[in-house]
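Reading through the structure tokens given below for one structure.
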Amino acid sequence: PKSTYCFARCTAESRVLLDQAGCELNCCTVRPVQGDVVIGRPEAVYVYTPDGRGPCCAFEGPKKLLYTYRSYLVVVESRPSRAAAAAAGAAGAGAASKLNGVTIYDLKNKFVAYVGALPDVMGFLTVWGALFVLTGDRVLYQLEERDPEQKLDVLCKKNLYQLAIALAKDMHYPSDGIIDIYTTYGDHLYSKGDYDNAVVEYVRTIGRLEPSYVIKRFLDAQRIHNLTAYLEALHAVPGKANEDHTTLLLNCYTKLKDLRKLDAFIRTTRELHFDVDTAIQVLRQAGYHDHALFLAAKFNHHDWHLKIMLEDARDFKEALRYIAMLDFFEAEMHLKKYGKELVSDLPEQTTALLVKLCTEFHSPAAAGAGGGGAGAGAGGAGSLSADRLGIDDDDDDDDDGDGRADGDARRRGADSAGFAAEPAVLRAQPEEFIHIYVARPDYLTLFLEQIVHALPDSSAVVYNTLLELYLREDEPPVV
């Protein structure tokens, strides 16, 4: 045989030369699934397609016969290899001079599935899904394929984990079984000290293997970089990272002082899969106030934002500006909580904001969609979002003795006919802020004076407190 040709049946006569070399008789076979031709020569086994010669496998030795079975290629050699002869001698298969080597290759997954020797192999049969070998001594042998569990067990015992994983995927092995192989492979690499590749295999087990198993291994080995890589992958899967994992990952970033990764984790535009409160707390404790403030502002965690601004950064002016940008109810709540600190440091600005909150806090909701923007007091006191109007109807407080109902004092909306009489105005009760001026009675006087000037029908508590302040100052009241 001198050449290898491809004949096309689409025309009357079409012959394409694929190779200048051919093969011996019976040393050629077809793989039906792949649609290619396999040719065996003494130096190697070659694969041909209609386009030409493809990959080759370096199976040396004179070939007697080639045969395909499922995804396997069966190669019969004129002389058995040492391993095949040894196996045949152990099995009592006759004189080595009469033996042919039989090797079965898995070309897809690239491993040797069987090596043996049989006397004078004449041919192969595939019946009932099994592979039979006919030999010259009139004996028919059956070669049985191991079940998937046995195959994978043999490969894992030989530490051929990558091959076992590829084979398991090819056999559509259950996902739990594949995860077990990944875990065993990771343990094997970890025991060899190959931590970088071990964490790669452990990452593949996320969602099946308990994260604490992996975390404990890298904590014990003080492998913070590998631990960080695993925790990053854990947070990338929605719902798999809990508060402890977030705390640990942020602690890793802060210990490594890796601002680049910390910024990528915190200031990302993609959806975050971690507990924001936990992240803010950890960043605050580690001294990364800018990152904590970024998260607090992004997710509207106003209390955290103000706590950091006032207790850590001591930036009272920025805290007051932040409160002024909140809606009515948020601003009211936080001024009650942090008002003492703000009055002590910024009495004038805080008093101005409180006056707006109690007298002129307008909402644009009643003005309609075209009414023009958020209604805010002078100085940017903020506005109330439309979906918060009219939702606090559950509790109707009694009159405060001055004839004003709390609901009427805090909000005014559309008239009974459904037409907006004027933009909604929300007013906080000034008597609820008297306590924050305990250290600054002078500004309390100023605050109450502006309240009674803007709201002459203020409550008795306001007038009585203002009168008491005048008497303490031993000055005549200003009429």
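We label chains A, B, ... in the order they appear in the structure tokens, count residues from 1 in each chain, and number ligands from 1 in the order shown.
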Q: Do a neighbour search on range 66-68 of chain A at 6 Å with only C-alpha atoms, toss out local chain neighbours closer than 5 positions, and write the hits as JSON, numbers by chain.
A: {"A": [27, 28, 29, 73, 74, 75]}
Write a file of the selected residues as a PDB file, in the first residue's frame, keeping C-alpha atoms.
```
ATOM      1  CA  CYS A  27      -4.957  -2.047   9.828  1.00  0.00           C
ATOM      2  CA  CYS A  28      -7.716   0.388   8.935  1.00  0.00           C
ATOM      3  CA  THR A  29     -11.068   1.015  10.617  1.00  0.00           C
ATOM      4  CA  LEU A  73      -9.922   1.944  19.510  1.00  0.00           C
ATOM      5  CA  VAL A  74      -8.683  -1.640  19.692  1.00  0.00           C
ATOM      6  CA  VAL A  75      -5.146  -2.139  18.391  1.00  0.00           C
TER       7      VAL A  75
END
```
Q: Determine, counting only C-alpha atoms, which protein, DNA and RNA residues have an atom within 10 Å of an atom of range 464-467 of chain A; residues of the same chain fewer than 5 positions away are not included. Present the result as a ChimeraX atom specification.
A: /A:431,434,444-449,452,459,472-473,476-477
Q) Which is closest to Ala313 in chain A among A:Phe124, A:Tyr288, A:Tyr185, A:Tyr338, if we use only C-alpha atoms? A)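 Of the candidates, the smallest distance to Ala313 in chain A is held by A:Tyr288.
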Q: Would you kindly return, as a list in words, each protein, DNA or RNA residue with an atom no farther than 9 Å from any atom of Leu234 in chain A, considering only C-alpha atoms and excluding same-chain residues fewer than 2 positions away?
A: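 Within the cut-off, the hits are Val203, Ile206, Gly207, Pro211, Ala229, Tyr230, Leu231, Glu232, Ala236, Val237, Pro238, Lys240, Ala241 and His245 of chain A.
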Q: In Å, rounded to a single decimal, give me how far CA of Lys307 in chain A is from CA of Ala324 in chain A.
A: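 Between CA of Ala324 in chain A and CA of Lys307 in chain A the gap is 15.5 Å.
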**Q.** Near-Gly40 in chain A list (12 Å; only C-alpha atoms; drop same-chain fewer than 6 positions) as a ChimeraX atom specification
**A.** /A:4,21-30,46-48,56-67,73-77
Q.
Report, in Å to a single decimal, how far apart CA of Ile436 in chain A and CA of Gly339 in chain A are.
A. 5.6 Å
Q: Please provide as a ChimeraX atom specification all residues within 8 Å of Gln142 in chain A, with the sequence filter that same-chain residues fewer than 2 positions apart are discarded (counting only C-alpha atoms).
A: /A:130-133,140,144
Please produce a file of those selected residues containing all heavy atoms, as a PDB file, in the first residue's frame.
```
ATOM      1  N   ALA A 130     -21.465  -6.365  23.898  1.00  0.00           N
ATOM      2  CA  ALA A 130     -20.193  -6.836  24.460  1.00  0.00           C
ATOM      3  C   ALA A 130     -19.173  -7.038  23.348  1.00  0.00           C
ATOM      4  O   ALA A 130     -19.520  -7.200  22.175  1.00  0.00           O
ATOM      5  CB  ALA A 130     -20.396  -8.136  25.232  1.00  0.00           C
ATOM      6  N   LEU A 131     -17.892  -7.022  23.733  1.00  0.00           N
ATOM      7  CA  LEU A 131     -16.796  -7.181  22.784  1.00  0.00           C
ATOM      8  C   LEU A 131     -16.211  -8.591  22.914  1.00  0.00           C
ATOM      9  O   LEU A 131     -15.796  -8.999  24.003  1.00  0.00           O
ATOM     10  CB  LEU A 131     -15.711  -6.136  23.042  1.00  0.00           C
ATOM     11  CG  LEU A 131     -14.485  -6.189  22.135  1.00  0.00           C
ATOM     12  CD1 LEU A 131     -14.864  -5.909  20.683  1.00  0.00           C
ATOM     13  CD2 LEU A 131     -13.425  -5.203  22.607  1.00  0.00           C
ATOM     14  N   PHE A 132     -16.203  -9.336  21.789  1.00  0.00           N
ATOM     15  CA  PHE A 132     -15.659 -10.694  21.768  1.00  0.00           C
ATOM     16  C   PHE A 132     -14.438 -10.738  20.854  1.00  0.00           C
ATOM     17  O   PHE A 132     -14.382 -10.040  19.842  1.00  0.00           O
ATOM     18  CB  PHE A 132     -16.704 -11.697  21.260  1.00  0.00           C
ATOM     19  CG  PHE A 132     -17.890 -11.843  22.176  1.00  0.00           C
ATOM     20  CD1 PHE A 132     -18.996 -11.014  22.038  1.00  0.00           C
ATOM     21  CD2 PHE A 132     -17.891 -12.806  23.175  1.00  0.00           C
ATOM     22  CE1 PHE A 132     -20.086 -11.154  22.874  1.00  0.00           C
ATOM     23  CE2 PHE A 132     -18.976 -12.947  24.015  1.00  0.00           C
ATOM     24  CZ  PHE A 132     -20.088 -12.115  23.872  1.00  0.00           C
ATOM     25  N   VAL A 133     -13.460 -11.585  21.237  1.00  0.00           N
ATOM     26  CA  VAL A 133     -12.224 -11.737  20.471  1.00  0.00           C
ATOM     27  C   VAL A 133     -12.119 -13.191  20.009  1.00  0.00           C
ATOM     28  O   VAL A 133     -12.190 -14.127  20.835  1.00  0.00           O
ATOM     29  CB  VAL A 133     -10.989 -11.373  21.317  1.00  0.00           C
ATOM     30  CG1 VAL A 133      -9.732 -11.399  20.442  1.00  0.00           C
ATOM     31  CG2 VAL A 133     -11.164 -10.013  21.971  1.00  0.00           C
ATOM     32  N   LEU A 140     -13.114 -18.266  21.878  1.00  0.00           N
ATOM     33  CA  LEU A 140     -13.758 -16.950  21.825  1.00  0.00           C
ATOM     34  C   LEU A 140     -13.686 -16.306  23.214  1.00  0.00           C
ATOM     35  O   LEU A 140     -14.208 -16.851  24.186  1.00  0.00           O
ATOM     36  CB  LEU A 140     -15.229 -17.090  21.393  1.00  0.00           C
ATOM     37  CG  LEU A 140     -15.982 -15.777  21.097  1.00  0.00           C
ATOM     38  CD1 LEU A 140     -15.378 -15.088  19.881  1.00  0.00           C
ATOM     39  CD2 LEU A 140     -17.469 -16.070  20.856  1.00  0.00           C
ATOM     40  N   GLU A 144     -14.851  -7.663  29.116  1.00  0.00           N
ATOM     41  CA  GLU A 144     -15.925  -6.946  29.820  1.00  0.00           C
ATOM     42  C   GLU A 144     -15.459  -5.555  30.248  1.00  0.00           C
ATOM     43  O   GLU A 144     -14.364  -5.403  30.809  1.00  0.00           O
ATOM     44  CB  GLU A 144     -16.366  -7.735  31.057  1.00  0.00           C
ATOM     45  CG  GLU A 144     -17.016  -9.076  30.725  1.00  0.00           C
ATOM     46  CD  GLU A 144     -17.522  -9.775  31.975  1.00  0.00           C
ATOM     47  OE1 GLU A 144     -17.261  -9.259  33.088  1.00  0.00           O
ATOM     48  OE2 GLU A 144     -18.173 -10.826  31.847  1.00  0.00           O
TER      49      GLU A 144
END
```
Q. Hey, what's within 12 Å of Asp176 in chain A if we count only C-alpha atoms and toss same-chain stuff fewer than 2 positions away? As a ChimeraX atom specification, please?
A. /A:165,168-169,172-174,178-183,204-209
Q. Range 9-183 of chain A: which residues are strand (DSSP E or B) by DSSP, as an MDAnalysis selection string?
A. chainID A and resid 15:19 28:31 36:40 45:49 52:57 63:69 72:77 99:106 111:119 121:127 130:135 140:143
Q: Between CA of Asp170 in chain A and CA of Val154 in chain A, measure the distance and give it in Å to one decimal.
A: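 These two atoms are separated by 16.5 Å.
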Close residues, Cys358 in chain A itself excluded, 10 Å, only C-alpha atoms, min 6 positions apart in chain, as a PDB file with C-alpha atoms, in the first residue's frame:
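After the write, selection_5.pdb holds the following:
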```
ATOM      1  CA  GLU A 332     -37.222  63.672  61.831  1.00  0.00           C
ATOM      2  CA  ALA A 409     -50.740  69.048  62.341  1.00  0.00           C
ATOM      3  CA  ARG A 410     -48.367  66.689  60.517  1.00  0.00           C
ATOM      4  CA  VAL A 425     -46.911  70.320  54.077  1.00  0.00           C
ATOM      5  CA  LEU A 426     -45.468  68.055  56.750  1.00  0.00           C
ATOM      6  CA  ARG A 427     -44.618  69.464  60.129  1.00  0.00           C
ATOM      7  CA  ALA A 428     -42.822  67.845  63.005  1.00  0.00           C
ATOM      8  CA  GLN A 429     -43.925  68.641  66.544  1.00  0.00           C
ATOM      9  CA  PRO A 430     -41.428  71.139  67.961  1.00  0.00           C
ATOM     10  CA  GLU A 431     -41.965  70.008  71.556  1.00  0.00           C
ATOM     11  CA  PHE A 433     -37.040  68.408  69.999  1.00  0.00           C
ATOM     12  CA  ILE A 451     -41.711  78.403  65.873  1.00  0.00           C
ATOM     13  CA  ALA A 454     -44.383  80.925  62.116  1.00  0.00           C
ATOM     14  CA  LEU A 455     -47.088  78.924  63.931  1.00  0.00           C
TER      15      LEU A 455
END
```
In range 248-354 of chain A, DSSP alpha helix (DSSP H) residues written as an mmCIF file with N, CA and C atoms, in the first residue's frame:
```cif
data_model
loop_
_atom_site.group_PDB
_atom_site.id
_atom_site.type_symbol
_atom_site.label_atom_id
_atom_site.label_comp_id
_atom_site.auth_asym_id
_atom_site.auth_seq_id
_atom_site.Cartn_x
_atom_site.Cartn_y
_atom_site.Cartn_z
ATOM 1 N N LEU A 248 -15.203 37.396 57.222
ATOM 2 C CA LEU A 248 -13.879 36.801 57.025
ATOM 3 C C LEU A 248 -13.201 37.355 55.781
ATOM 4 N N LEU A 249 -13.947 37.515 54.690
ATOM 5 C CA LEU A 249 -13.350 38.031 53.456
ATOM 6 C C LEU A 249 -12.878 39.475 53.638
ATOM 7 N N LEU A 250 -13.685 40.292 54.265
ATOM 8 C CA LEU A 250 -13.279 41.678 54.484
ATOM 9 C C LEU A 250 -12.079 41.762 55.422
ATOM 10 N N ASN A 251 -12.033 40.878 56.408
ATOM 11 C CA ASN A 251 -10.863 40.842 57.286
ATOM 12 C C ASN A 251 -9.606 40.435 56.518
ATOM 13 N N CYS A 252 -9.773 39.530 55.563
ATOM 14 C CA CYS A 252 -8.631 39.146 54.721
ATOM 15 C C CYS A 252 -8.131 40.341 53.920
ATOM 16 N N TYR A 253 -9.062 41.094 53.323
ATOM 17 C CA TYR A 253 -8.666 42.272 52.550
ATOM 18 C C TYR A 253 -7.940 43.287 53.423
ATOM 19 N N THR A 254 -8.475 43.519 54.613
ATOM 20 C CA THR A 254 -7.857 44.529 55.476
ATOM 21 C C THR A 254 -6.500 44.066 56.006
ATOM 22 N N LYS A 255 -6.359 42.780 56.294
ATOM 23 C CA LYS A 255 -5.064 42.275 56.753
ATOM 24 C C LYS A 255 -4.023 42.327 55.639
ATOM 25 N N LEU A 256 -4.470 42.037 54.427
ATOM 26 C CA LEU A 256 -3.551 42.109 53.286
ATOM 27 C C LEU A 256 -3.320 43.544 52.820
ATOM 28 N N LEU A 259 -6.172 47.305 48.832
ATOM 29 C CA LEU A 259 -7.218 48.272 48.527
ATOM 30 C C LEU A 259 -7.828 48.033 47.153
ATOM 31 N N ARG A 260 -7.054 47.515 46.234
ATOM 32 C CA ARG A 260 -7.580 47.278 44.891
ATOM 33 C C ARG A 260 -8.707 46.249 44.920
ATOM 34 N N LYS A 261 -8.483 45.156 45.613
ATOM 35 C CA LYS A 261 -9.526 44.133 45.699
ATOM 36 C C LYS A 261 -10.681 44.593 46.573
ATOM 37 N N LEU A 262 -10.361 45.352 47.606
ATOM 38 C CA LEU A 262 -11.425 45.857 48.474
ATOM 39 C C LEU A 262 -12.328 46.806 47.693
ATOM 40 N N ASP A 263 -11.736 47.665 46.879
ATOM 41 C CA ASP A 263 -12.537 48.563 46.055
ATOM 42 C C ASP A 263 -13.370 47.780 45.049
ATOM 43 N N ALA A 264 -12.773 46.762 44.456
ATOM 44 C CA ALA A 264 -13.504 45.957 43.477
ATOM 45 C C ALA A 264 -14.677 45.224 44.122
ATOM 46 N N PHE A 265 -14.512 44.833 45.366
ATOM 47 C CA PHE A 265 -15.566 44.115 46.075
ATOM 48 C C PHE A 265 -16.683 45.053 46.530
ATOM 49 N N ILE A 266 -16.303 46.248 46.992
ATOM 50 C CA ILE A 266 -17.277 47.183 47.568
ATOM 51 C C ILE A 266 -17.891 48.083 46.506
ATOM 52 N N VAL A 276 -25.042 43.575 53.764
ATOM 53 C CA VAL A 276 -24.472 44.923 53.756
ATOM 54 C C VAL A 276 -24.178 45.400 55.174
ATOM 55 N N ASP A 277 -25.075 45.120 56.116
ATOM 56 C CA ASP A 277 -24.850 45.561 57.499
ATOM 57 C C ASP A 277 -23.556 44.975 58.061
ATOM 58 N N THR A 278 -23.341 43.693 57.788
ATOM 59 C CA THR A 278 -22.113 43.055 58.267
ATOM 60 C C THR A 278 -20.885 43.696 57.635
ATOM 61 N N ALA A 279 -20.945 43.961 56.335
ATOM 62 C CA ALA A 279 -19.811 44.574 55.643
ATOM 63 C C ALA A 279 -19.499 45.957 56.212
ATOM 64 N N ILE A 280 -20.533 46.744 56.447
ATOM 65 C CA ILE A 280 -20.312 48.087 56.996
ATOM 66 C C ILE A 280 -19.673 48.002 58.375
ATOM 67 N N GLN A 281 -20.157 47.095 59.186
ATOM 68 C CA GLN A 281 -19.625 46.959 60.552
ATOM 69 C C GLN A 281 -18.151 46.559 60.537
ATOM 70 N N VAL A 282 -17.800 45.593 59.681
ATOM 71 C CA VAL A 282 -16.413 45.134 59.614
ATOM 72 C C VAL A 282 -15.502 46.243 59.105
ATOM 73 N N LEU A 283 -15.923 46.935 58.054
ATOM 74 C CA LEU A 283 -15.113 48.017 57.499
ATOM 75 C C LEU A 283 -14.937 49.145 58.516
ATOM 76 N N ARG A 284 -15.973 49.430 59.251
ATOM 77 C CA ARG A 284 -15.873 50.479 60.266
ATOM 78 C C ARG A 284 -14.878 50.089 61.352
ATOM 79 N N GLN A 285 -14.953 48.860 61.816
ATOM 80 C CA GLN A 285 -14.041 48.404 62.869
ATOM 81 C C GLN A 285 -12.599 48.386 62.390
ATOM 82 N N ALA A 286 -12.404 48.120 61.084
ATOM 83 C CA ALA A 286 -11.047 48.071 60.531
ATOM 84 C C ALA A 286 -10.509 49.454 60.180
ATOM 85 N N HIS A 289 -13.304 53.830 56.810
ATOM 86 C CA HIS A 289 -14.548 54.580 56.932
ATOM 87 C C HIS A 289 -15.108 54.988 55.578
ATOM 88 N N ASP A 290 -14.248 55.308 54.619
ATOM 89 C CA ASP A 290 -14.736 55.720 53.302
ATOM 90 C C ASP A 290 -15.508 54.598 52.629
ATOM 91 N N HIS A 291 -15.011 53.384 52.738
ATOM 92 C CA HIS A 291 -15.700 52.247 52.131
ATOM 93 C C HIS A 291 -17.017 51.964 52.853
ATOM 94 N N ALA A 292 -16.996 52.088 54.176
ATOM 95 C CA ALA A 292 -18.226 51.879 54.932
ATOM 96 C C ALA A 292 -19.274 52.927 54.581
ATOM 97 N N LEU A 293 -18.844 54.183 54.439
ATOM 98 C CA LEU A 293 -19.779 55.250 54.068
ATOM 99 C C LEU A 293 -20.323 55.035 52.662
ATOM 100 N N PHE A 294 -19.495 54.518 51.765
ATOM 101 C CA PHE A 294 -19.953 54.253 50.401
ATOM 102 C C PHE A 294 -21.097 53.236 50.407
ATOM 103 N N LEU A 295 -20.917 52.145 51.149
ATOM 104 C CA LEU A 295 -21.974 51.136 51.216
ATOM 105 C C LEU A 295 -23.220 51.686 51.889
ATOM 106 N N ALA A 296 -23.037 52.428 52.963
ATOM 107 C CA ALA A 296 -24.190 52.978 53.685
ATOM 108 C C ALA A 296 -24.993 53.920 52.796
ATOM 109 N N ALA A 297 -24.310 54.746 52.021
ATOM 110 C CA ALA A 297 -25.012 55.675 51.137
ATOM 111 C C ALA A 297 -25.663 54.946 49.969
ATOM 112 N N LYS A 298 -24.978 53.940 49.420
ATOM 113 C CA LYS A 298 -25.501 53.224 48.257
ATOM 114 C C LYS A 298 -26.766 52.460 48.591
ATOM 115 N N HIS A 302 -29.061 54.787 56.430
ATOM 116 C CA HIS A 302 -28.810 56.132 56.936
ATOM 117 C C HIS A 302 -28.235 56.125 58.347
ATOM 118 N N ASP A 303 -28.708 55.212 59.173
ATOM 119 C CA ASP A 303 -28.223 55.201 60.554
ATOM 120 C C ASP A 303 -26.736 54.894 60.622
ATOM 121 N N TRP A 304 -26.290 53.919 59.806
ATOM 122 C CA TRP A 304 -24.857 53.604 59.756
ATOM 123 C C TRP A 304 -24.077 54.812 59.244
ATOM 124 N N HIS A 305 -24.600 55.461 58.202
ATOM 125 C CA HIS A 305 -23.898 56.597 57.618
ATOM 126 C C HIS A 305 -23.695 57.702 58.650
ATOM 127 N N LEU A 306 -24.738 58.022 59.387
ATOM 128 C CA LEU A 306 -24.641 59.094 60.370
ATOM 129 C C LEU A 306 -23.792 58.687 61.562
ATOM 130 N N LYS A 307 -23.880 57.422 61.944
ATOM 131 C CA LYS A 307 -23.082 56.952 63.077
ATOM 132 C C LYS A 307 -21.586 57.076 62.765
ATOM 133 N N PHE A 316 -19.452 66.841 61.580
ATOM 134 C CA PHE A 316 -20.822 67.215 61.921
ATOM 135 C C PHE A 316 -21.495 67.965 60.771
ATOM 136 N N LYS A 317 -20.731 68.772 60.059
ATOM 137 C CA LYS A 317 -21.320 69.540 58.963
ATOM 138 C C LYS A 317 -21.819 68.617 57.860
ATOM 139 N N GLU A 318 -21.026 67.606 57.502
ATOM 140 C CA GLU A 318 -21.452 66.660 56.475
ATOM 141 C C GLU A 318 -22.634 65.824 56.957
ATOM 142 N N ALA A 319 -22.649 65.466 58.237
ATOM 143 C CA ALA A 319 -23.771 64.707 58.781
ATOM 144 C C ALA A 319 -25.061 65.513 58.715
ATOM 145 N N LEU A 320 -24.983 66.790 59.048
ATOM 146 C CA LEU A 320 -26.172 67.635 58.986
ATOM 147 C C LEU A 320 -26.637 67.796 57.545
ATOM 148 N N ARG A 321 -25.699 67.959 56.629
ATOM 149 C CA ARG A 321 -26.066 68.053 55.216
ATOM 150 C C ARG A 321 -26.746 66.776 54.739
ATOM 151 N N TYR A 322 -26.256 65.615 55.219
ATOM 152 C CA TYR A 322 -26.846 64.337 54.838
ATOM 153 C C TYR A 322 -28.283 64.226 55.350
ATOM 154 N N ILE A 323 -28.511 64.635 56.588
ATOM 155 C CA ILE A 323 -29.863 64.581 57.152
ATOM 156 C C ILE A 323 -30.801 65.484 56.366
ATOM 157 N N ALA A 324 -30.287 66.639 55.950
ATOM 158 C CA ALA A 324 -31.119 67.581 55.203
ATOM 159 C C ALA A 324 -31.569 67.028 53.861
ATOM 160 N N PHE A 328 -38.887 63.371 54.925
ATOM 161 C CA PHE A 328 -39.366 63.961 56.178
ATOM 162 C C PHE A 328 -39.214 63.005 57.358
ATOM 163 N N PHE A 329 -39.711 61.806 57.232
ATOM 164 C CA PHE A 329 -39.732 60.895 58.369
ATOM 165 C C PHE A 329 -38.325 60.466 58.780
ATOM 166 N N GLU A 330 -37.454 60.240 57.780
ATOM 167 C CA GLU A 330 -36.076 59.880 58.085
ATOM 168 C C GLU A 330 -35.356 61.043 58.772
ATOM 169 N N ALA A 331 -35.538 62.251 58.238
ATOM 170 C CA ALA A 331 -34.892 63.412 58.835
ATOM 171 C C ALA A 331 -35.373 63.637 60.267
ATOM 172 N N GLU A 332 -36.668 63.491 60.495
ATOM 173 C CA GLU A 332 -37.222 63.672 61.831
ATOM 174 C C GLU A 332 -36.637 62.652 62.815
ATOM 175 N N MET A 333 -36.586 61.406 62.395
ATOM 176 C CA MET A 333 -36.083 60.353 63.274
ATOM 177 C C MET A 333 -34.617 60.570 63.648
ATOM 178 N N HIS A 334 -33.793 60.916 62.659
ATOM 179 C CA HIS A 334 -32.362 61.046 62.932
ATOM 180 C C HIS A 334 -32.029 62.338 63.671
ATOM 181 N N LEU A 335 -32.817 63.373 63.489
ATOM 182 C CA LEU A 335 -32.598 64.584 64.283
ATOM 183 C C LEU A 335 -32.947 64.346 65.751
ATOM 184 N N LYS A 336 -33.943 63.529 65.997
ATOM 185 C CA LYS A 336 -34.250 63.185 67.389
ATOM 186 C C LYS A 336 -33.113 62.365 68.011
ATOM 187 N N LYS A 337 -32.487 61.521 67.183
ATOM 188 C CA LYS A 337 -31.456 60.629 67.708
ATOM 189 C C LYS A 337 -30.116 61.344 67.880
ATOM 190 N N TYR A 338 -29.737 62.151 66.902
ATOM 191 C CA TYR A 338 -28.409 62.771 66.919
ATOM 192 C C TYR A 338 -28.465 64.287 67.142
ATOM 193 N N GLY A 339 -29.624 64.783 67.492
ATOM 194 C CA GLY A 339 -29.771 66.227 67.626
ATOM 195 C C GLY A 339 -28.869 66.848 68.673
ATOM 196 N N LYS A 340 -28.670 66.182 69.812
ATOM 197 C CA LYS A 340 -27.827 66.744 70.871
ATOM 198 C C LYS A 340 -26.412 67.005 70.384
ATOM 199 N N GLU A 341 -25.818 66.016 69.681
ATOM 200 C CA GLU A 341 -24.464 66.187 69.188
ATOM 201 C C GLU A 341 -24.394 67.308 68.149
ATOM 202 N N LEU A 342 -25.413 67.381 67.279
ATOM 203 C CA LEU A 342 -25.395 68.396 66.235
ATOM 204 C C LEU A 342 -25.589 69.794 66.816
ATOM 205 N N VAL A 343 -26.467 69.923 67.805
ATOM 206 C CA VAL A 343 -26.684 71.228 68.422
ATOM 207 C C VAL A 343 -25.435 71.681 69.170
ATOM 208 N N SER A 344 -24.730 70.747 69.783
ATOM 209 C CA SER A 344 -23.519 71.112 70.521
ATOM 210 C C SER A 344 -22.441 71.638 69.595
ATOM 211 N N ASP A 345 -22.343 71.088 68.373
ATOM 212 C CA ASP A 345 -21.275 71.494 67.466
ATOM 213 C C ASP A 345 -21.729 72.533 66.454
ATOM 214 N N PRO A 347 -24.905 74.611 66.394
ATOM 215 C CA PRO A 347 -26.221 75.014 66.911
ATOM 216 C C PRO A 347 -27.033 75.840 65.928
ATOM 217 N N GLU A 348 -26.401 76.745 65.225
ATOM 218 C CA GLU A 348 -27.153 77.623 64.331
ATOM 219 C C GLU A 348 -27.722 76.867 63.142
ATOM 220 N N GLN A 349 -26.862 76.062 62.474
ATOM 221 C CA GLN A 349 -27.323 75.313 61.306
ATOM 222 C C GLN A 349 -28.359 74.258 61.684
ATOM 223 N N THR A 350 -28.156 73.601 62.830
ATOM 224 C CA THR A 350 -29.111 72.584 63.262
ATOM 225 C C THR A 350 -30.453 73.210 63.594
ATOM 226 N N THR A 351 -30.432 74.346 64.258
ATOM 227 C CA THR A 351 -31.682 75.032 64.593
ATOM 228 C C THR A 351 -32.424 75.455 63.329
ATOM 229 N N ALA A 352 -31.693 75.951 62.329
ATOM 230 C CA ALA A 352 -32.334 76.336 61.069
ATOM 231 C C ALA A 352 -33.030 75.148 60.415
ATOM 232 N N LEU A 353 -32.377 73.983 60.431
ATOM 233 C CA LEU A 353 -32.988 72.791 59.831
ATOM 234 C C LEU A 353 -34.211 72.345 60.628
ATOM 235 N N LEU A 354 -34.132 72.435 61.951
ATOM 236 C CA LEU A 354 -35.274 72.050 62.780
ATOM 237 C C LEU A 354 -36.472 72.967 62.542
#
```
Q: Considering only C-alpha atoms, state which residue in the set A:Lys151, A:His235, A:Arg70, A:His273 is at the smallest distance from Thr126 in chain A.
A: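 Counting only C-alpha atoms, the residue closest to Thr126 in chain A is A:Arg70.
Closest to Val127 in chain A among A:Tyr443, A:Tyr69, A:Tyr463, A:Phe274 is A:Tyr69, based on only C-alpha atoms.
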